[in-house]
Amino acid sequence: QVLLKESGGDWVQAGGSLRISCEASRHFDNNYCMGWFRQLPGKEREGVAVIDRDGTIGYADSVKGRFTISKANDKDTLYLQMNGLRSEDTGMYYCAWDRRSLMGELGAGLTRFLSHWGPGTQVGVSS
């Protein structure tokens, strides 16, 4: 069992930057894929950025070149650096772990149930 807790959500102006974090209750290991997901107002939850077990990183087309996912193994923390924020990035951001690859969850709504979720952190971008 792993507990995930996001933090760092805030309101920023369009064009601004924000880094959100997800701290895990257990040490990172190679058994899990990790990722950031978001739910925009009135839309389904979608994958934003993921790291698979082999270290492969993927991004949704809507955030490529603006968002960067990373992890600090010594802190058991996953990060999402968000630059060039737009009003359409406003929403609730979640981190998730799963034993299976998360690459197929990027972009449009989730295709399957994921095993571990954090409660989310709110990101707001004002234009």
# chains A, B, ... in the order shown; residues from 1 in each chain; ligands from 1
call {"tool": "residues_around", "arguments": {"residues": "A:Gln81", "least_positions_apart": "6", "cutoff": "9 Å", "atoms": "only C-alpha atoms", "output": "PyMOL selection string"}}
result
chain A and resi 17-21+66-70
call {"tool": "residues_around", "arguments": {"residues": "A:Gly35", "least_positions_apart": "2", "cutoff": "10 Å", "atoms": "only C-alpha atoms", "output": "VMD selection string"}}
result
chain A and resid 22 32 to 33 37 47 to 52 57 to 59 69 to 70 78 to 80 94 to 98 101 to 103 105 to 106 117
call {"tool": "atom_distance", "arguments": {"atom1": "atom CA of A:Val125", "atom2": "atom CA of A:Gly8"}}
result
13.6 Å
call {"tool": "residues_around", "arguments": {"residues": "A:Asn73", "least_positions_apart": "2", "cutoff": "8 Å", "atoms": "only C-alpha atoms", "output": "ChimeraX atom specification"}}
result
/A:27-28,71,75-77
call {"tool": "closest_residue", "arguments": {"among": "A:Phe113, A:Gln122, A:Arg99, A:Asn83", "to": "A:Gln13", "atoms": "only C-alpha atoms"}}
result
A:Asn83
call {"tool": "atom_distance", "arguments": {"atom1": "atom CA of A:Arg26", "atom2": "atom CA of A:Ser7"}}
result
16.8 Å
call {"tool": "select_by_dssp", "arguments": {"residues": "chain A", "states": "strand (DSSP E)", "output": "PyMOL selection string"}}
result
chain A and resi 4-7+11-13+18-24+33-39+46-51+57-59+67-72+77-82+91-98+116-117+121-126
call {"tool": "select_by_dssp", "arguments": {"residues": "chain A", "states": "helix (DSSP H, G or I)", "output": "list in words"}}
result
Ser87, Glu88, Asp89, Met103, Gly104 and Glu105 of chain A
call {"tool": "atom_distance", "arguments": {"atom1": "atom CA of A:Ser62", "atom2": "atom CA of A:His116"}}
result
24.1 Å
call {"tool": "closest_residue", "arguments": {"among": "A:Lys43, A:Asp29, A:Lys64, A:Leu4", "to": "A:Leu110", "atoms": "only C-alpha atoms"}}
result
A:Lys43
call {"tool": "residues_around", "arguments": {"residues": "A:Thr121", "least_positions_apart": "5", "cutoff": "6 Å", "atoms": "only C-alpha atoms", "output": "JSON, numbers by chain"}}
result
{"A": [6, 7, 9, 92, 93]}
call {"tool": "closest_residue", "arguments": {"among": "A:Trp36, A:Ser126, A:Arg53, A:Val12", "to": "A:Glu88", "atoms": "only C-alpha atoms"}}
result
A:Ser126
